[in-house]
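Below is the file model.txt, which contains compact mmCIF, C-alpha atoms.
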# COMPACT_ATOMS: atom_id res chain seq x y z
CA MET R 1 11.80 -19.99 -8.84
CA ASN R 2 9.07 -19.04 -11.27
CA ARG R 3 8.69 -17.51 -14.69
CA THR R 4 9.58 -14.01 -13.51
CA GLY R 5 12.95 -15.17 -12.24
CA LEU R 6 12.04 -14.03 -8.73
CA PRO R 7 12.64 -16.31 -5.74
CA ASP R 8 9.42 -18.06 -4.70
CA PRO R 9 9.09 -16.43 -1.25
CA ILE R 10 9.19 -12.94 -2.84
CA SER R 11 6.68 -13.97 -5.52
CA LYS R 12 4.43 -15.34 -2.82
CA LEU R 13 4.71 -12.12 -0.80
CA ILE R 14 3.97 -10.01 -3.90
CA ASN R 15 0.94 -12.19 -4.52
CA GLU R 16 -0.35 -11.82 -0.94
CA LEU R 17 0.28 -8.07 -0.84
CA SER R 18 -1.53 -7.49 -4.12
CA LYS R 19 -4.70 -8.91 -2.53
CA LEU R 20 -4.84 -5.80 -0.34
CA PRO R 21 -7.25 -3.06 -1.47
CA GLY R 22 -5.63 -0.44 -3.71
CA ILE R 23 -2.34 -2.36 -3.99
CA GLY R 24 -1.61 -3.40 -7.57
CA GLU R 25 1.10 -5.82 -8.62
CA LYS R 26 3.73 -3.11 -9.23
CA ASN R 27 3.10 -1.54 -5.87
CA ALA R 28 3.12 -4.96 -4.18
CA THR R 29 6.50 -5.67 -5.81
CA ARG R 30 7.95 -2.46 -4.42
CA LEU R 31 6.60 -3.23 -0.95
CA ALA R 32 7.94 -6.79 -1.04
CA PHE R 33 11.42 -5.58 -1.99
CA HIS R 34 11.26 -3.00 0.77
CA ILE R 35 10.38 -5.70 3.30
CA PHE R 36 13.22 -7.87 2.02
CA ARG R 37 15.68 -4.99 2.44
CA ALA R 38 14.43 -3.72 5.78
CA GLN R 39 15.88 -4.93 9.05
CA ASP R 40 14.86 -8.36 10.34
CA SER R 41 13.08 -6.71 13.25
CA TYR R 42 10.71 -4.90 10.89
CA ALA R 43 9.55 -8.10 9.16
CA GLN R 44 9.15 -9.69 12.59
CA SER R 45 7.03 -6.90 14.03
CA LEU R 46 4.92 -6.45 10.89
CA SER R 47 4.21 -10.16 10.78
CA ARG R 48 3.41 -10.21 14.51
CA ALA R 49 1.09 -7.19 14.21
CA ILE R 50 -0.88 -8.93 11.45
CA ILE R 51 -1.38 -12.05 13.57
CA ASP R 52 -2.20 -10.03 16.71
CA THR R 53 -4.82 -8.05 14.83
CA LYS R 54 -6.54 -11.28 13.87
CA THR R 55 -6.24 -12.96 17.27
CA LYS R 56 -6.44 -10.19 19.87
CA VAL R 57 -8.99 -7.79 18.42
CA ILE R 58 -12.65 -8.53 19.11
CA VAL R 59 -15.93 -6.79 18.38
CA CYS R 60 -17.69 -4.87 21.20
CA THR R 61 -21.02 -6.60 21.86
CA THR R 62 -22.67 -3.24 22.62
CA CYS R 63 -21.61 -0.94 19.77
CA PHE R 64 -20.07 -3.56 17.38
CA ASN R 65 -16.92 -1.53 16.90
CA PHE R 66 -13.50 -3.18 17.10
CA ALA R 67 -12.18 -3.44 20.62
CA SER R 68 -9.66 -5.14 22.88
CA HIS R 69 -12.36 -5.79 25.47
CA SER R 70 -16.13 -5.89 25.41
CA PRO R 71 -17.76 -3.52 26.28
CA CYS R 72 -15.21 -1.23 24.63
CA THR R 73 -13.60 1.83 26.22
CA ILE R 74 -16.14 4.21 24.69
CA CYS R 75 -19.18 2.14 25.73
CA LYS R 76 -17.77 1.87 29.26
CA ASP R 77 -16.80 5.55 29.56
CA THR R 78 -19.24 7.06 32.09
CA GLU R 79 -18.17 10.58 31.14
CA ARG R 80 -19.70 10.28 27.69
CA ASP R 81 -23.19 11.61 27.05
CA PRO R 82 -25.58 8.65 27.55
CA ASP R 83 -28.43 10.42 25.75
CA SER R 84 -27.20 10.14 22.19
CA ILE R 85 -25.97 7.41 19.89
CA CYS R 86 -24.26 8.12 16.60
CA VAL R 87 -24.91 5.40 14.00
CA VAL R 88 -22.09 4.78 11.50
CA GLU R 89 -21.55 2.29 8.70
CA GLU R 90 -18.00 1.21 9.52
CA PRO R 91 -15.39 1.45 12.31
CA LEU R 92 -13.41 3.87 10.12
CA ASP R 93 -16.37 6.28 10.13
CA GLN R 94 -16.52 6.10 13.92
CA LEU R 95 -12.80 6.83 14.02
CA ALA R 96 -13.19 9.88 11.76
CA ILE R 97 -16.01 11.32 13.88
CA GLU R 98 -14.13 10.62 17.11
CA ARG R 99 -11.09 12.44 15.70
CA SER R 100 -13.27 15.45 14.84
CA ARG R 101 -14.12 15.81 18.59
CA GLY R 102 -17.57 16.93 17.46
CA PHE R 103 -19.50 14.21 19.30
CA THR R 104 -19.48 13.21 22.95
CA GLY R 105 -22.05 10.43 22.98
CA ARG R 106 -21.65 6.76 22.08
CA TYR R 107 -21.54 4.97 18.74
CA HIS R 108 -23.23 2.10 17.00
CA VAL R 109 -21.54 0.40 14.03
CA LEU R 110 -24.08 -0.96 11.53
CA ASN R 111 -21.49 -2.92 9.59
CA GLY R 112 -22.71 -1.63 6.21
CA VAL R 113 -25.83 -0.11 4.69
CA ILE R 114 -29.01 -1.49 3.20
CA SER R 115 -28.19 -2.24 -0.42
CA PRO R 116 -30.59 -4.55 -2.28
CA ILE R 117 -28.25 -4.57 -5.30
CA ASP R 118 -25.52 -6.16 -3.15
CA GLY R 119 -28.04 -8.41 -1.43
CA ILE R 120 -27.66 -6.58 1.90
CA GLY R 121 -30.93 -6.25 3.78
CA PRO R 122 -31.70 -4.78 7.23
CA GLU R 123 -31.25 -8.23 8.78
CA ASP R 124 -27.60 -8.27 7.67
CA LEU R 125 -26.84 -5.11 9.67
CA ARG R 126 -26.74 -4.47 13.42
CA ILE R 127 -30.19 -2.80 13.30
CA LYS R 128 -32.03 -5.25 15.58
CA GLU R 129 -29.29 -4.68 18.16
CA LEU R 130 -29.56 -0.88 17.72
CA ILE R 131 -33.31 -0.92 18.40
CA ALA R 132 -32.85 -3.12 21.48
CA ARG R 133 -30.07 -0.82 22.64
CA VAL R 134 -31.88 2.52 22.29
CA GLU R 135 -34.80 1.10 24.28
CA ARG R 136 -32.58 -0.49 26.95
CA GLU R 137 -30.34 2.56 27.38
CA SER R 138 -33.22 5.12 27.25
CA VAL R 139 -31.42 7.05 24.52
CA LYS R 140 -32.94 10.44 23.61
CA GLU R 141 -31.42 10.98 20.16
CA VAL R 142 -30.03 8.80 17.40
CA ILE R 143 -27.77 10.69 14.96
CA VAL R 144 -27.48 8.80 11.68
CA ALA R 145 -24.01 9.34 10.20
CA THR R 146 -24.18 6.89 7.30
CA ASN R 147 -22.43 8.07 4.12
CA PRO R 148 -24.19 10.60 1.88
CA SER R 149 -24.86 7.94 -0.77
CA VAL R 150 -28.18 6.58 -2.07
CA GLU R 151 -27.80 3.56 0.24
CA GLY R 152 -26.71 5.72 3.18
CA GLU R 153 -29.75 7.97 2.79
CA ALA R 154 -32.11 5.03 2.40
CA THR R 155 -30.69 3.39 5.52
CA ALA R 156 -31.11 6.67 7.44
CA LEU R 157 -34.78 6.86 6.41
CA TYR R 158 -35.30 3.19 7.30
CA LEU R 159 -33.83 3.74 10.77
CA ALA R 160 -35.93 6.89 11.30
CA LYS R 161 -39.10 4.93 10.49
CA LEU R 162 -38.21 2.28 13.08
CA ILE R 163 -36.91 4.52 15.85
CA LYS R 164 -39.17 7.60 15.78
CA PRO R 165 -42.28 5.60 16.84
CA LEU R 166 -40.36 4.74 20.04
CA GLY R 167 -40.46 8.42 20.95
CA ILE R 168 -36.73 8.86 20.23
CA GLU R 169 -35.47 11.76 18.15
CA VAL R 170 -33.65 10.76 14.94
CA SER R 171 -31.35 13.21 13.16
CA ARG R 172 -29.12 13.10 10.11
CA ILE R 173 -25.67 14.75 9.90
CA ALA R 174 -25.72 17.95 7.82
CA HIS R 175 -24.86 17.82 4.13
CA GLY R 176 -23.37 20.83 2.37
CA VAL R 177 -20.24 22.50 1.14
CA PRO R 178 -17.19 21.08 2.98
CA MET R 179 -15.12 23.59 4.95
CA GLY R 180 -12.20 24.84 2.87
CA GLY R 181 -13.93 23.53 -0.27
CA ASP R 182 -14.05 25.60 -3.44
CA ILE R 183 -17.64 26.28 -4.50
CA GLU R 184 -16.54 26.31 -8.14
CA TYR R 185 -15.64 22.62 -7.88
CA ILE R 186 -18.49 21.32 -5.71
CA ASP R 187 -20.96 19.01 -7.49
CA GLU R 188 -24.49 20.26 -8.28
CA ILE R 189 -26.31 17.95 -5.88
CA THR R 190 -24.23 19.10 -2.91
CA LEU R 191 -24.61 22.74 -3.91
CA SER R 192 -28.38 22.54 -4.31
CA LYS R 193 -28.59 20.79 -0.94
CA ALA R 194 -26.34 23.44 0.63
CA ILE R 195 -28.66 26.17 -0.66
CA ARG R 196 -31.85 24.36 0.37
CA ASP R 197 -30.47 23.70 3.87
CA ARG R 198 -29.07 27.23 4.28
CA LYS R 199 -28.88 28.63 7.82
CA HIS R 200 -29.76 32.19 8.79
CA ILE R 201 -26.89 34.14 10.23
CA MET Y 1 -6.34 1.13 23.92
CA ASN Y 2 -4.87 4.46 22.89
CA ARG Y 3 -5.98 7.99 22.23
CA THR Y 4 -7.66 7.12 18.92
CA GLY Y 5 -9.94 4.61 20.62
CA LEU Y 6 -8.53 1.85 18.41
CA PRO Y 7 -7.48 -1.48 19.93
CA ASP Y 8 -3.71 -1.63 20.42
CA PRO Y 9 -3.04 -4.47 17.93
CA ILE Y 10 -4.73 -2.51 15.13
CA SER Y 11 -2.84 0.67 16.07
CA LYS Y 12 0.38 -1.30 16.07
CA LEU Y 13 -0.42 -2.78 12.65
CA ILE Y 14 -1.30 0.67 11.24
CA ASN Y 15 1.99 1.95 12.60
CA GLU Y 16 4.00 -0.88 11.01
CA LEU Y 17 2.20 -0.63 7.67
CA SER Y 18 2.74 3.12 7.45
CA LYS Y 19 6.51 2.50 7.52
CA LEU Y 20 6.18 0.97 4.03
CA PRO Y 21 7.11 3.25 1.12
CA GLY Y 22 4.16 5.17 -0.30
CA ILE Y 23 1.76 4.03 2.43
CA GLY Y 24 0.48 6.96 4.50
CA GLU Y 25 -1.43 6.66 7.74
CA LYS Y 26 -4.87 6.75 6.11
CA ASN Y 27 -3.92 4.07 3.64
CA ALA Y 28 -2.34 1.98 6.41
CA THR Y 29 -5.58 2.26 8.40
CA ARG Y 30 -7.58 0.96 5.46
CA LEU Y 31 -5.18 -1.93 4.94
CA ALA Y 32 -5.21 -2.83 8.63
CA PHE Y 33 -9.01 -2.92 8.70
CA HIS Y 34 -8.99 -5.05 5.59
CA ILE Y 35 -6.60 -7.51 7.22
CA PHE Y 36 -8.79 -7.59 10.33
CA ARG Y 37 -11.86 -8.38 8.22
CA ALA Y 38 -10.24 -10.86 5.86
CA GLN Y 39 -10.26 -14.58 6.55
CA ASP Y 40 -7.84 -15.95 9.15
CA SER Y 41 -5.99 -17.82 6.40
CA TYR Y 42 -5.09 -14.55 4.65
CA ALA Y 43 -3.44 -13.04 7.75
CA GLN Y 44 -1.62 -16.34 8.24
CA SER Y 45 -0.26 -16.55 4.72
CA LEU Y 46 0.63 -12.84 4.50
CA SER Y 47 2.48 -13.06 7.79
CA ARG Y 48 4.24 -16.26 6.69
CA ALA Y 49 5.24 -14.75 3.32
CA ILE Y 50 6.86 -11.79 5.11
CA ILE Y 51 8.93 -14.05 7.34
CA ASP Y 52 9.85 -16.39 4.46
CA THR Y 53 11.03 -13.45 2.38
CA LYS Y 54 13.40 -12.47 5.15
CA THR Y 55 14.62 -15.96 5.95
CA LYS Y 56 14.57 -17.91 2.67
CA VAL Y 57 15.66 -15.32 0.13
CA ILE Y 58 19.39 -14.82 -0.31
CA VAL Y 59 21.59 -12.77 -2.61
CA CYS Y 60 23.32 -14.48 -5.55
CA THR Y 61 27.08 -14.21 -4.97
CA THR Y 62 27.69 -13.85 -8.71
CA CYS Y 63 25.17 -11.20 -9.87
CA PHE Y 64 23.98 -9.91 -6.45
CA ASN Y 65 20.34 -10.26 -7.41
CA PHE Y 66 17.85 -11.86 -5.02
CA ALA Y 67 17.71 -15.61 -5.31
CA SER Y 68 16.62 -18.80 -3.62
CA HIS Y 69 20.00 -20.42 -4.38
CA SER Y 70 23.42 -19.08 -5.24
CA PRO Y 71 24.38 -18.97 -8.09
CA CYS Y 72 20.88 -17.97 -9.17
CA THR Y 73 18.85 -19.52 -11.99
CA ILE Y 74 19.95 -16.89 -14.50
CA CYS Y 75 23.66 -17.11 -13.62
CA LYS Y 76 23.46 -20.92 -13.86
CA ASP Y 77 21.48 -20.99 -17.12
CA THR Y 78 23.89 -22.25 -19.79
CA GLU Y 79 21.53 -21.22 -22.57
CA ARG Y 80 22.05 -17.53 -21.81
CA ASP Y 81 24.59 -15.54 -23.80
CA PRO Y 82 27.84 -15.62 -21.78
CA ASP Y 83 29.33 -12.69 -23.72
CA SER Y 84 27.31 -9.84 -22.26
CA ILE Y 85 26.43 -8.56 -18.82
CA CYS Y 86 23.72 -5.99 -18.23
CA VAL Y 87 24.47 -3.78 -15.22
CA VAL Y 88 21.42 -2.52 -13.28
CA GLU Y 89 20.94 -0.48 -10.12
CA GLU Y 90 18.35 -2.63 -8.40
CA PRO Y 91 16.71 -6.07 -8.64
CA LEU Y 92 13.49 -4.37 -9.84
CA ASP Y 93 15.38 -3.00 -12.86
CA GLN Y 94 16.64 -6.49 -13.67
CA LEU Y 95 13.08 -7.75 -13.40
CA ALA Y 96 11.79 -5.07 -15.79
CA ILE Y 97 14.47 -5.85 -18.41
CA GLU Y 98 13.92 -9.58 -18.06
CA ARG Y 99 10.19 -9.06 -18.62
CA SER Y 100 10.94 -7.07 -21.80
CA ARG Y 101 12.64 -10.20 -23.25
CA GLY Y 102 15.05 -7.81 -24.93
CA PHE Y 103 18.20 -9.24 -23.36
CA THR Y 104 19.55 -12.77 -23.32
CA GLY Y 105 22.80 -12.33 -21.39
CA ARG Y 106 23.35 -12.19 -17.64
CA TYR Y 107 22.90 -9.40 -15.12
CA HIS Y 108 24.87 -7.62 -12.43
CA VAL Y 109 23.06 -5.71 -9.68
CA LEU Y 110 25.10 -2.72 -8.44
CA ASN Y 111 22.84 -2.13 -5.47
CA GLY Y 112 22.55 1.61 -6.13
CA VAL Y 113 24.44 4.34 -7.99
CA ILE Y 114 27.35 6.61 -7.15
CA SER Y 115 25.80 9.58 -5.33
CA PRO Y 116 28.20 11.78 -3.35
CA ILE Y 117 25.24 13.77 -1.97
CA ASP Y 118 23.90 10.59 -0.31
CA GLY Y 119 27.40 9.54 0.71
CA ILE Y 120 27.41 6.60 -1.72
CA GLY Y 121 30.78 6.03 -3.34
CA PRO Y 122 31.99 3.31 -5.77
CA GLU Y 123 33.15 1.20 -2.81
CA ASP Y 124 29.53 0.96 -1.57
CA LEU Y 125 28.40 -0.67 -4.81
CA ARG Y 126 29.18 -4.08 -6.33
CA ILE Y 127 31.70 -2.52 -8.74
CA LYS Y 128 34.80 -4.38 -7.51
CA GLU Y 129 32.87 -7.62 -7.96
CA LEU Y 130 31.77 -6.55 -11.45
CA ILE Y 131 35.35 -5.91 -12.57
CA ALA Y 132 36.54 -9.25 -11.17
CA ARG Y 133 33.61 -10.93 -12.87
CA VAL Y 134 34.06 -9.48 -16.37
CA GLU Y 135 37.72 -10.53 -16.30
CA ARG Y 136 36.99 -14.00 -14.89
CA GLU Y 137 34.10 -14.72 -17.27
CA SER Y 138 35.80 -13.22 -20.37
CA VAL Y 139 32.79 -11.04 -21.05
CA LYS Y 140 32.79 -9.16 -24.38
CA GLU Y 141 30.27 -6.40 -23.65
CA VAL Y 142 28.94 -4.64 -20.56
CA ILE Y 143 25.60 -2.88 -21.12
CA VAL Y 144 25.04 -0.23 -18.48
CA ALA Y 145 21.31 0.03 -17.72
CA THR Y 146 21.43 2.40 -14.76
CA ASN Y 147 18.58 4.92 -14.61
CA PRO Y 148 18.69 8.00 -16.88
CA SER Y 149 19.41 10.28 -13.90
CA VAL Y 150 22.49 12.41 -13.19
CA GLU Y 151 23.79 9.71 -10.84
CA GLY Y 152 22.94 6.92 -13.29
CA GLU Y 153 24.82 8.67 -16.10
CA ALA Y 154 27.81 9.42 -13.86
CA THR Y 155 27.93 5.79 -12.73
CA ALA Y 156 27.80 4.64 -16.37
CA LEU Y 157 30.75 6.89 -17.26
CA TYR Y 158 32.65 5.70 -14.19
CA LEU Y 159 32.15 2.05 -15.16
CA ALA Y 160 33.18 2.76 -18.77
CA LYS Y 161 36.43 4.30 -17.56
CA LEU Y 162 37.23 1.21 -15.51
CA ILE Y 163 36.13 -1.47 -17.95
CA LYS Y 164 37.13 -0.17 -21.40
CA PRO Y 165 40.90 -0.38 -20.61
CA LEU Y 166 40.36 -4.13 -20.07
CA GLY Y 167 39.48 -4.39 -23.77
CA ILE Y 168 35.80 -4.95 -23.05
CA GLU Y 169 33.11 -3.03 -24.91
CA VAL Y 170 30.90 -0.83 -22.73
CA SER Y 171 27.52 0.40 -23.96
CA ARG Y 172 24.68 2.44 -22.54
CA ILE Y 173 20.98 1.69 -23.13
CA ALA Y 174 19.40 4.12 -25.61
CA HIS Y 175 17.60 7.22 -24.36
CA GLY Y 176 14.79 8.78 -26.35
CA VAL Y 177 11.06 9.06 -26.80
CA PRO Y 178 9.33 6.10 -25.15
CA MET Y 179 7.20 3.91 -27.45
CA GLY Y 180 3.57 5.02 -27.32
CA GLY Y 181 4.64 8.33 -25.78
CA ASP Y 182 3.17 11.61 -26.97
CA ILE Y 183 5.88 13.96 -28.27
CA GLU Y 184 3.84 16.93 -27.11
CA TYR Y 185 4.29 15.83 -23.50
CA ILE Y 186 7.91 14.62 -23.55
CA ASP Y 187 10.37 16.79 -21.59
CA GLU Y 188 12.92 18.93 -23.48
CA ILE Y 189 16.01 16.99 -22.37
CA THR Y 190 14.61 13.69 -23.65
CA LEU Y 191 13.48 15.30 -26.90
CA SER Y 192 16.83 16.95 -27.58
CA LYS Y 193 18.55 13.64 -26.84
CA ALA Y 194 16.12 11.81 -29.12
CA ILE Y 195 16.95 14.21 -31.96
CA ARG Y 196 20.71 14.11 -31.35
CA ASP Y 197 20.69 10.30 -31.25
CA ARG Y 198 18.41 9.96 -34.29
CA LYS Y 199 18.77 6.83 -36.43
CA HIS Y 200 18.68 6.77 -40.20
CA ILE Y 201 15.87 4.70 -41.62
Please render this file's structure as structure tokens.
Amino acid sequence: MNRTGLPDPISKLINELSKLPGIGEKNATRLAFHIFRAQDSYAQSLSRAIIDTKTKVIVCTTCFNFASHSPCTICKDTERDPDSICVVEEPLDQLAIERSRGFTGRYHVLNGVISPIDGIGPEDLRIKELIARVERESVKEVIVATNPSVEGEATALYLAKLIKPLGIEVSRIAHGVPMGGDIEYIDEITLSKAIRDRKHI
Amino acid sequence: MNRTGLPDPISKLINELSKLPGIGEKNATRLAFHIFRAQDSYAQSLSRAIIDTKTKVIVCTTCFNFASHSPCTICKDTERDPDSICVVEEPLDQLAIERSRGFTGRYHVLNGVISPIDGIGPEDLRIKELIARVERESVKEVIVATNPSVEGEATALYLAKLIKPLGIEVSRIAHGVPMGGDIEYIDEITLSKAIRDRKHI
């Protein structure tokens, strides 16, 4: 028991849950009570899934995405276009692009972006491995899909400087007005970029 | 591996996390990736806390709140006012009132409210146990702190009908404008109630 009058195991669970991103103490409390009330099997399988994620998931040594095996399914898939590699910051970005079905090549997960303010330099990212890979796999194009942030843009430029001299094309995903977006509410930087990068129809 | 290209353990974890209230699939994905990236010790202690909550937390057989032992710390505490019992819907309500330090008596958790639409009748709640308890403990006042909803009000009236004939006072927590609230934004029902229940100063 503790000062809140809650049993220790629940307090402990609230404490652990509130370490998760975007989960405050109130939310953690609600989740903990839900877990307490749910069937035993739910707590068992949630707990098991957490442990399995830590013990059974590895990182693909080719693209550095999460995987069950290395090389991962995408790196091994001979039906995918071997000519292009899409560079992303994080596995979640790879997932979003894969879901869009807009890309048929392979991926490379940088594991972040160059950000001097956070002490992250090129050597902290999987850039060395990307360079070795594009040369080894005779890639024709590297599409840089880092986020449209200052760091994402800087990283894209940095990669272009390294890769273009190897005779490999480097491209950047298009920036502009998102589909379904309302021009009235789009920020000025995006709008000016959308106008500058206009396409003839 | 599955259609999303995510390793099975992560997919499984996303699936389990998205069963939690208020956690959608996108949010669950973010949490799962966080767990994957966090230190091993975090996954261990989160997983352990989940299991402990299910195995070590019991329900107090007096007040029906969660507890490590039965009777719980509050029910056992001889310094608390034995004359009044505050009736709440859920353990979280008890927790909120306890945090307010506005009540020094004991609690009784109904485990819901009467709601014919959801098929919840008085027999599904801890009402029988409440009646037995107020008689056994010679309680002088029952404060009904169910939520200010239609079901909460109906349950309060139902309890008053049962308990008043036993010669025990039944009261309802005050409804009105919340402290720090902005009258401009308070709904009409609350405002009209706040005016009707005005207090002379």
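Rounded to one decimal, CA of Lys26 in chain Y and CA of Ser149 in chain R lie 21.2 Å from each other.
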Based on all atoms listed in the file, which of the residues in chain R come within 6 Å of chain Y? I want them as a PDB file with C-alpha atoms, in the frame of the given file.
ATOM      1  CA  PRO R   7      12.640 -16.310  -5.740  1.00  0.00           C
ATOM      2  CA  PRO R   9       9.090 -16.430  -1.250  1.00  0.00           C
ATOM      3  CA  ILE R  10       9.190 -12.940  -2.840  1.00  0.00           C
ATOM      4  CA  LEU R  13       4.710 -12.120  -0.800  1.00  0.00           C
ATOM      5  CA  GLU R  16      -0.350 -11.820  -0.940  1.00  0.00           C
ATOM      6  CA  PHE R  36      13.220  -7.870   2.020  1.00  0.00           C
ATOM      7  CA  LEU R  46       4.920  -6.450  10.890  1.00  0.00           C
ATOM      8  CA  SER R  47       4.210 -10.160  10.780  1.00  0.00           C
ATOM      9  CA  ALA R  49       1.090  -7.190  14.210  1.00  0.00           C
ATOM     10  CA  ASP R  52      -2.200 -10.030  16.710  1.00  0.00           C
ATOM     11  CA  THR R  53      -4.820  -8.050  14.830  1.00  0.00           C
ATOM     12  CA  LYS R  54      -6.540 -11.280  13.870  1.00  0.00           C
ATOM     13  CA  ALA R  67     -12.180  -3.440  20.620  1.00  0.00           C
ATOM     14  CA  SER R  68      -9.660  -5.140  22.880  1.00  0.00           C
TER      15      SER R  68
END
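The coordinates place CA of Asn147 in chain Y at 17.6 Å from CA of Asp197 in chain Y.
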Which neighbours of Ser138 in chain Y fall inside 10 Å, counting only C-alpha atoms, when residues of the same chain fewer than 3 positions from it are skipped, and could you give them as a list in words? Pro82, Asp83, Ser84, Arg133, Val134, Glu135, Glu141 and Ile168 of chain Y
Those residues you just picked out, can you put them in a file as a compact mmCIF listing (two decimals), keeping the file's coordinate frame with C-alpha atoms?
# COMPACT_ATOMS: atom_id res chain seq x y z
CA PRO Y 82 27.84 -15.62 -21.78
CA ASP Y 83 29.33 -12.69 -23.72
CA SER Y 84 27.31 -9.84 -22.26
CA ARG Y 133 33.61 -10.93 -12.87
CA VAL Y 134 34.06 -9.48 -16.37
CA GLU Y 135 37.72 -10.53 -16.30
CA GLU Y 141 30.27 -6.40 -23.65
CA ILE Y 168 35.80 -4.95 -23.05
One number please: CA of Pro116 in chain R to CA of Ile173 in chain R, in Å, one decimal. 23.3 Å
Build an axis-aligned box that encloses every atom of range 74-78 of chain Y listed in the file, pad it by 5 Å on each side, and report its centre and edge lengths in Å to one decimal, as JSON.
{"center_x": 21.9, "center_y": -19.6, "center_z": -16.7, "size_x": 13.9, "size_y": 15.4, "size_z": 16.2}
Residue neighbourhood Gly167 in chain R, 10 Å, all atoms listed in the file, exclusion window fewer than 2 positions, as a short mmCIF file (atom, residue, chain, number, x, y, z; two decimals) with C-alpha atoms, in the coordinates of the input:
data_model
loop_
_atom_site.label_atom_id
_atom_site.label_comp_id
_atom_site.auth_asym_id
_atom_site.auth_seq_id
_atom_site.Cartn_x
_atom_site.Cartn_y
_atom_site.Cartn_z
CA GLU R 135 -34.80 1.10 24.28
CA VAL R 139 -31.42 7.05 24.52
CA LYS R 140 -32.94 10.44 23.61
CA GLU R 141 -31.42 10.98 20.16
CA ILE R 163 -36.91 4.52 15.85
CA LYS R 164 -39.17 7.60 15.78
CA PRO R 165 -42.28 5.60 16.84
CA GLU R 169 -35.47 11.76 18.15
CA VAL R 170 -33.65 10.76 14.94
#
Thr78 in chain Y surroundings by all atoms listed in the file, 12 Å radius, close-in-sequence under 6 positions cut, as number ranges by chain: Y: 72, 104-106
Residues near Cys86 in chain R, cut-off 6 Å, only C-alpha atoms, skip fewer than 2 positions along chain, as a ChimeraX atom specification: /R:107,142-144
May I have the residues from that selection written out with C-alpha atoms, as an mmCIF file, in the frame of the given file?
data_model
loop_
_atom_site.group_PDB
_atom_site.id
_atom_site.type_symbol
_atom_site.label_atom_id
_atom_site.label_comp_id
_atom_site.auth_asym_id
_atom_site.auth_seq_id
_atom_site.Cartn_x
_atom_site.Cartn_y
_atom_site.Cartn_z
ATOM 1 C CA TYR R 107 -21.540 4.970 18.740
ATOM 2 C CA VAL R 142 -30.030 8.800 17.400
ATOM 3 C CA ILE R 143 -27.770 10.690 14.960
ATOM 4 C CA VAL R 144 -27.480 8.800 11.680
#
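When all atoms listed in the file are used to measure the gap to Val109 in chain R, the shortest distance among R:Cys63, R:Lys76, R:Ser70, R:Arg136 belongs to R:Cys63.
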